[in-house]
Protein chains: 2
Amino acid sequence: MVKKLIYYTACQFHLGFNYNCMKNNIKPINFLKKFEKFSEHWSPKVISELNDYQFKLVKVKGDFIWHNHENTDEAFIVIEGKIFIEFEAKTEEINKGEMIVVPKGVAHRPYAKNEAKIMIIEPSGVVNTGNITDKLTAPTDDWI
Amino acid sequence: MVKKLIYYTACQFHLGFNYNCMKNNIKPINFLKKFEKFSEHWSPKVISELNDYQFKLVKVKGDFIWHNHENTDEAFIVIEGKIFIEFEAKTEEINKGEMIVVPKGVAHRPYAKNEAKIMIIEPSGVVNTGNITDKLTAPTDDWI
């Protein structure tokens, strides 16, 4: 009862708690303010949902692992800095103000020489390391 | 035959023509460079696809119309400038570096006092004026 009231209050006043109501709140989300809420690398934080898709912010630095997503394309938007994505035949550099879509099933390895801030858009439930389980495998559905 | 060759060449050298091959090209897309390619307001231009979703750039200025999308949520990301979205009970201001998701079925009216550059993410085939047909109704699947 008390919990319900706290949830309700949090929703009404947009207090920014990570409750389900946030998913249905119609309010602007500021990317840089959300990035202030965490510091880990390669650990996607969900900020919004669109049907059964999610918008996830990620701080990236150093090397990620080779992987692919068998059942879905994956969109990367660079908010700050620059990242690289290595494919089998080439490496692409993606800068602030740019996006790239990695088609489903395509092996790729993201990396960043310096810390970069990116947004990933993909279906809910997609695991960051795709077909691989690794120490870099992060929880899904981790809202901020 | 010649057409096929031109298509093939355009794809291989990323000449930026609006052919199907573009949809499958894995290369970065620069938002501001894409915005240089058109000037109309309220006329979404597709720049990329993610499964059966599309990323659409739109230049907006002045008033749009009240409408809703019965079957889908709709995400707005502001790339330059600021927009407003009027809802029945409130109006939200969305600035550069911010996003908002309008849930399906929710009536809304976007407007911008000065020209703003935005990106919309929604399923392929969604009509910009939703449940309304108007002089502002724009073609879908208009790639740049």
# chains A, B, ... in the order shown; residues from 1 in each chain; ligands from 1
call {"tool": "residues_around", "arguments": {"residues": "A:Val101", "least_positions_apart": "2", "cutoff": "7 Å", "atoms": "only C-alpha atoms", "output": "PyMOL selection string"}}
result
(chain A and resi 73-76+99+103) or (chain B and resi 26+50)
call {"tool": "closest_atom_pairs", "arguments": {"of": "chain A", "to": "chain B", "cutoff": "8 Å", "atoms": "only C-alpha atoms", "output": "tab-separated table"}}
result
residue	atom	partner	partner_atom	distance
A:Asn24	CA	B:Pro103	CA	7.5
A:Ile26	CA	B:Val102	CA	6.4
A:Lys27	CA	B:Ile100	CA	5.9
A:Pro28	CA	B:Ile100	CA	4.7
A:Ile29	CA	B:Met99	CA	5.3
A:Asn30	CA	B:Glu98	CA	4.4
A:Phe31	CA	B:Glu98	CA	5.9
A:Leu32	CA	B:Gly97	CA	7.4
A:Ser48	CA	B:Val101	CA	7.5
A:Glu49	CA	B:Val101	CA	7.5
A:Leu50	CA	B:Asp73	CA	5.6
A:Asn51	CA	B:Asp73	CA	5.8
A:Thr72	CA	B:Asn51	CA	6.6
A:Asp73	CA	B:Leu50	CA	5.6
A:Glu74	CA	B:Leu50	CA	6.7
A:Ala75	CA	B:Leu50	CA	6.8
A:Glu92	CA	B:Lys27	CA	6.8
A:Glu93	CA	B:Pro28	CA	7.4
A:Ile94	CA	B:Pro28	CA	5.9
A:Gly97	CA	B:Phe31	CA	6.0
A:Glu98	CA	B:Asn30	CA	4.4
A:Met99	CA	B:Ile29	CA	5.3
A:Ile100	CA	B:Pro28	CA	4.7
A:Val101	CA	B:Ile26	CA	6.5
A:Val102	CA	B:Ile26	CA	6.4
A:Pro103	CA	B:Asn24	CA	7.5
A:Glu122	CA	B:Leu50	CA	7.9
call {"tool": "calpha_fit_and_write", "arguments": {"fixed": "chain A", "moving": "chain B", "output": "short mmCIF file (atom, residue, chain, number, x, y, z; two decimals) with C-alpha atoms, in the first residue's frame"}}
result
data_model
loop_
_atom_site.label_atom_id
_atom_site.label_comp_id
_atom_site.auth_asym_id
_atom_site.auth_seq_id
_atom_site.Cartn_x
_atom_site.Cartn_y
_atom_site.Cartn_z
CA MET B 1 0.04 0.00 0.15
CA VAL B 2 2.81 2.43 1.17
CA LYS B 3 4.90 1.12 -1.72
CA LYS B 4 2.00 1.74 -4.09
CA LEU B 5 1.65 5.29 -2.80
CA ILE B 6 5.37 5.95 -3.26
CA TYR B 7 5.19 4.55 -6.80
CA TYR B 8 2.18 6.72 -7.54
CA THR B 9 3.84 9.84 -6.14
CA ALA B 10 7.05 9.12 -8.05
CA CYS B 11 5.06 8.87 -11.26
CA GLN B 12 2.99 11.96 -10.71
CA PHE B 13 5.96 14.16 -9.94
CA HIS B 14 8.42 12.59 -12.41
CA LEU B 15 10.85 11.80 -9.60
CA GLY B 16 12.87 9.65 -11.91
CA PHE B 17 12.61 6.37 -10.03
CA ASN B 18 12.90 3.19 -11.97
CA TYR B 19 9.29 2.07 -11.74
CA ASN B 20 7.05 0.73 -14.43
CA CYS B 21 5.15 3.98 -14.60
CA MET B 22 8.24 5.60 -16.11
CA LYS B 23 7.79 3.52 -19.21
CA ASN B 24 4.45 5.18 -19.83
CA ASN B 25 5.35 8.71 -18.83
CA ILE B 26 5.20 11.08 -21.76
CA LYS B 27 8.09 13.38 -21.04
CA PRO B 28 11.35 14.42 -22.67
CA ILE B 29 14.50 12.48 -21.84
CA ASN B 30 17.81 14.34 -21.88
CA PHE B 31 20.61 12.05 -23.03
CA LEU B 32 23.50 13.81 -21.24
CA LYS B 33 21.58 14.02 -17.95
CA LYS B 34 20.87 10.29 -18.15
CA PHE B 35 24.56 9.59 -18.85
CA GLU B 36 25.42 11.32 -15.54
CA LYS B 37 23.60 8.53 -13.72
CA PHE B 38 26.13 5.77 -14.37
CA SER B 39 29.80 5.25 -15.13
CA GLU B 40 30.32 1.58 -16.07
CA HIS B 41 31.44 0.73 -19.58
CA TRP B 42 29.62 -1.68 -21.91
CA SER B 43 26.59 -1.90 -19.64
CA PRO B 44 23.43 -0.77 -21.49
CA LYS B 45 20.92 1.29 -19.51
CA VAL B 46 17.36 1.46 -20.80
CA ILE B 47 15.88 4.97 -20.98
CA SER B 48 12.75 4.45 -23.05
CA GLU B 49 10.59 2.00 -24.95
CA LEU B 50 8.93 2.14 -28.36
CA ASN B 51 6.46 -0.72 -28.81
CA ASP B 52 8.65 -3.77 -28.12
CA TYR B 53 11.91 -1.91 -28.82
CA GLN B 54 14.17 -0.19 -26.31
CA PHE B 55 16.50 2.82 -26.33
CA LYS B 56 19.64 2.04 -24.34
CA LEU B 57 22.47 4.37 -23.37
CA VAL B 58 25.95 2.88 -23.13
CA LYS B 59 29.33 4.33 -22.13
CA VAL B 60 31.99 2.51 -24.10
CA LYS B 61 35.77 2.44 -23.79
CA GLY B 62 38.33 -0.12 -24.92
CA ASP B 63 37.56 -3.36 -26.69
CA PHE B 64 34.27 -5.22 -26.86
CA ILE B 65 34.09 -8.80 -28.13
CA TRP B 66 33.21 -10.29 -31.50
CA HIS B 67 29.57 -11.32 -31.56
CA ASN B 68 26.41 -11.21 -33.65
CA HIS B 69 22.68 -10.98 -33.06
CA GLU B 70 21.03 -13.84 -34.88
CA ASN B 71 17.51 -12.45 -34.86
CA THR B 72 17.76 -8.70 -35.11
CA ASP B 73 19.43 -5.68 -36.62
CA GLU B 74 21.04 -3.29 -34.13
CA ALA B 75 21.25 0.52 -34.42
CA PHE B 76 24.06 2.56 -32.87
CA ILE B 77 23.86 6.35 -32.52
CA VAL B 78 26.93 8.21 -31.25
CA ILE B 79 25.97 10.96 -28.78
CA GLU B 80 29.50 11.99 -27.71
CA GLY B 81 32.95 10.96 -28.93
CA LYS B 82 33.62 8.32 -31.55
CA ILE B 83 33.46 4.56 -31.79
CA PHE B 84 34.72 1.99 -34.23
CA ILE B 85 32.97 -1.17 -35.34
CA GLU B 86 35.12 -3.88 -36.81
CA PHE B 87 33.50 -6.17 -39.37
CA GLU B 88 35.05 -9.14 -41.13
CA ALA B 89 36.00 -7.10 -44.20
CA LYS B 90 36.35 -3.55 -42.86
CA THR B 91 36.24 -1.25 -39.86
CA GLU B 92 33.85 1.70 -39.70
CA GLU B 93 34.39 4.86 -37.64
CA ILE B 94 31.20 6.40 -36.26
CA ASN B 95 31.38 9.93 -34.88
CA LYS B 96 29.13 12.12 -32.78
CA GLY B 97 25.99 12.92 -34.79
CA GLU B 98 26.19 9.71 -36.79
CA MET B 99 24.46 6.34 -36.71
CA ILE B 100 25.01 2.90 -38.16
CA VAL B 101 22.81 -0.18 -38.40
CA VAL B 102 24.43 -3.61 -38.06
CA PRO B 103 22.22 -6.13 -39.90
CA LYS B 104 21.16 -9.28 -38.09
CA GLY B 105 23.63 -12.12 -38.14
CA VAL B 106 26.60 -9.94 -39.08
CA ALA B 107 29.64 -10.47 -36.86
CA HIS B 108 30.95 -7.22 -35.40
CA ARG B 109 33.28 -5.96 -32.70
CA PRO B 110 32.74 -2.43 -31.32
CA TYR B 111 35.61 -0.57 -29.68
CA ALA B 112 36.46 2.95 -28.58
CA LYS B 113 39.93 4.41 -28.06
CA ASN B 114 38.55 7.03 -25.63
CA GLU B 115 35.30 6.92 -23.71
CA ALA B 116 32.31 7.52 -25.96
CA LYS B 117 28.62 7.85 -25.21
CA ILE B 118 26.28 5.96 -27.49
CA MET B 119 22.63 4.96 -27.79
CA ILE B 120 21.60 1.52 -29.00
CA ILE B 121 18.15 0.80 -30.40
CA GLU B 122 17.03 -2.81 -30.65
CA PRO B 123 14.19 -5.10 -29.55
CA SER B 124 13.67 -5.49 -25.80
CA GLY B 125 15.54 -8.44 -24.33
CA VAL B 126 18.52 -8.38 -26.69
CA VAL B 127 21.74 -9.35 -24.87
CA ASN B 128 24.71 -7.06 -25.49
CA THR B 129 27.13 -9.90 -26.32
CA GLY B 130 24.63 -11.61 -28.65
CA ASN B 131 25.55 -15.22 -29.31
CA ILE B 132 28.47 -15.18 -26.83
CA THR B 133 28.47 -15.37 -23.03
CA ASP B 134 31.38 -13.41 -21.61
CA LYS B 135 32.41 -11.35 -18.61
CA LEU B 136 31.15 -8.37 -20.66
CA THR B 137 27.64 -9.86 -20.88
CA ALA B 138 25.41 -7.32 -19.11
CA PRO B 139 21.90 -7.55 -17.67
CA THR B 140 19.04 -6.65 -20.00
CA ASP B 141 16.21 -4.32 -19.00
CA ASP B 142 18.38 -2.27 -16.61
CA TRP B 143 16.50 1.05 -16.47
CA ILE B 144 17.86 4.39 -15.35
#
call {"tool": "select_by_dssp", "arguments": {"residues": "stretch 23-121 of chain B", "states": "helix (DSSP H, G or I)", "output": "ChimeraX atom specification"}}
result
/B:23-24,31-35
call {"tool": "write_last_selection", "arguments": {"atoms": "N, CA and C atoms", "output": "compact mmCIF listing (two decimals), in the first residue's frame"}}
result
# COMPACT_ATOMS: atom_id res chain seq x y z
N LYS B 23 19.80 0.24 -48.34
CA LYS B 23 19.19 -0.24 -47.10
C LYS B 23 20.08 -1.28 -46.43
N ASN B 24 20.88 -1.95 -47.24
CA ASN B 24 21.71 -3.02 -46.67
C ASN B 24 23.17 -2.62 -46.52
N PHE B 31 23.85 12.72 -39.64
CA PHE B 31 22.53 13.36 -39.64
C PHE B 31 22.57 14.73 -40.34
N LEU B 32 23.54 15.58 -39.99
CA LEU B 32 23.53 16.94 -40.55
C LEU B 32 23.78 16.92 -42.06
N LYS B 33 24.62 16.00 -42.52
CA LYS B 33 24.83 15.91 -43.98
C LYS B 33 23.55 15.47 -44.68
N LYS B 34 22.82 14.57 -44.08
CA LYS B 34 21.54 14.14 -44.67
C LYS B 34 20.54 15.30 -44.69
N PHE B 35 20.54 16.12 -43.62
CA PHE B 35 19.60 17.25 -43.57
C PHE B 35 19.87 18.27 -44.68
call {"tool": "select_by_dssp", "arguments": {"residues": "chain B", "states": "strand (DSSP E)", "output": "PyMOL selection string"}}
result
chain B and resi 29-30+45-50+53-63+74-80+82-86+91-95+98-102+109-123
call {"tool": "decode", "arguments": {"residues": "stretch 6-111 of chain B", "atoms": "C-alpha atoms", "output": "compact mmCIF listing (two decimals), in the first residue's frame"}}
result
# COMPACT_ATOMS: atom_id res chain seq x y z
CA ILE B 6 24.63 1.58 -62.38
CA TYR B 7 22.85 0.26 -59.27
CA TYR B 8 25.72 -2.10 -58.58
CA THR B 9 28.33 0.63 -59.02
CA ALA B 10 26.35 3.03 -56.83
CA CYS B 11 26.26 0.41 -54.09
CA GLN B 12 29.89 -0.53 -54.30
CA PHE B 13 31.13 3.03 -54.12
CA HIS B 14 28.50 4.36 -51.69
CA LEU B 15 27.42 7.01 -54.18
CA GLY B 16 24.42 7.80 -52.08
CA PHE B 17 21.71 7.03 -54.62
CA ASN B 18 18.35 5.99 -53.37
CA TYR B 19 18.48 2.34 -54.38
CA ASN B 20 17.53 -0.70 -52.42
CA CYS B 21 21.15 -1.59 -51.87
CA MET B 22 21.46 1.44 -49.59
CA LYS B 23 19.19 -0.24 -47.10
CA ASN B 24 21.71 -3.02 -46.67
CA ASN B 25 24.88 -0.97 -46.77
CA ILE B 26 26.71 -1.06 -43.47
CA LYS B 27 28.05 2.45 -43.24
CA PRO B 28 27.75 5.45 -40.94
CA ILE B 29 25.05 8.02 -41.65
CA ASN B 30 25.73 11.63 -40.70
CA PHE B 31 22.53 13.36 -39.64
CA LEU B 32 23.53 16.94 -40.55
CA LYS B 33 24.83 15.91 -43.98
CA LYS B 34 21.54 14.14 -44.67
CA PHE B 35 19.60 17.25 -43.57
CA GLU B 36 21.45 19.24 -46.27
CA LYS B 37 19.69 17.13 -48.89
CA PHE B 38 16.21 18.59 -48.44
CA SER B 39 14.44 21.71 -47.25
CA GLU B 40 10.69 20.96 -47.02
CA HIS B 41 9.02 21.02 -43.64
CA TRP B 42 6.99 18.15 -42.17
CA SER B 43 8.08 15.73 -44.88
CA PRO B 44 9.87 12.70 -43.35
CA LYS B 45 12.89 11.36 -45.23
CA VAL B 46 13.99 7.79 -44.50
CA ILE B 47 17.71 7.37 -43.82
CA SER B 48 17.91 3.85 -42.42
CA GLU B 49 16.01 0.74 -41.44
CA LEU B 50 16.15 -1.50 -38.37
CA ASN B 51 14.20 -4.71 -38.92
CA ASP B 52 10.75 -3.38 -39.88
CA TYR B 53 11.35 0.05 -38.31
CA GLN B 54 12.62 3.18 -40.02
CA PHE B 55 14.70 6.20 -39.02
CA LYS B 56 13.27 9.34 -40.61
CA LEU B 57 14.70 12.86 -40.62
CA VAL B 58 12.24 15.75 -40.62
CA LYS B 59 12.67 19.52 -40.76
CA VAL B 60 9.83 21.08 -38.82
CA LYS B 61 8.61 24.66 -38.54
CA GLY B 62 5.24 26.10 -37.58
CA ASP B 63 2.18 24.08 -36.67
CA PHE B 64 1.45 20.45 -37.40
CA ILE B 65 -2.04 18.99 -36.95
CA TRP B 66 -3.66 17.03 -34.14
CA HIS B 67 -3.47 13.32 -34.86
CA ASN B 68 -2.69 9.95 -33.32
CA HIS B 69 -1.20 6.66 -34.42
CA GLU B 70 -3.63 3.92 -33.52
CA ASN B 71 -1.20 1.02 -33.80
CA THR B 72 2.19 2.27 -32.74
CA ASP B 73 4.26 4.36 -30.39
CA GLU B 74 6.37 7.07 -32.05
CA ALA B 75 9.82 8.28 -30.94
CA PHE B 76 11.07 11.82 -31.57
CA ILE B 77 14.74 12.77 -31.15
CA VAL B 78 15.69 16.44 -31.51
CA ILE B 79 18.94 16.84 -33.47
CA GLU B 80 18.95 20.66 -33.75
CA GLY B 81 16.71 23.34 -32.24
CA LYS B 82 13.63 22.67 -30.16
CA ILE B 83 10.12 21.40 -30.74
CA PHE B 84 6.95 21.34 -28.72
CA ILE B 85 4.38 18.57 -28.57
CA GLU B 86 0.94 19.51 -27.38
CA PHE B 87 -1.08 16.79 -25.64
CA GLU B 88 -4.61 17.04 -24.32
CA ALA B 89 -3.46 17.85 -20.78
CA LYS B 90 -0.05 19.46 -21.28
CA THR B 91 2.58 20.65 -23.72
CA GLU B 92 6.14 19.28 -23.63
CA GLU B 93 9.23 21.11 -24.88
CA ILE B 94 11.90 18.86 -26.39
CA ASN B 95 15.35 20.32 -26.96
CA LYS B 96 18.43 19.28 -28.88
CA GLY B 97 19.87 16.14 -27.26
CA GLU B 98 16.50 15.00 -25.96
CA MET B 99 13.90 12.44 -27.01
CA ILE B 100 10.29 11.68 -26.24
CA VAL B 101 8.07 8.70 -27.00
CA VAL B 102 4.40 9.31 -27.78
CA PRO B 103 2.46 6.15 -26.88
CA LYS B 104 0.12 4.65 -29.45
CA GLY B 105 -3.33 6.15 -29.61
CA VAL B 106 -2.37 9.34 -27.78
CA ALA B 107 -3.50 12.51 -29.56
CA HIS B 108 -0.65 14.96 -30.09
CA ARG B 109 0.19 18.07 -32.07
CA PRO B 110 3.88 18.86 -32.76
CA TYR B 111 4.96 22.41 -33.50
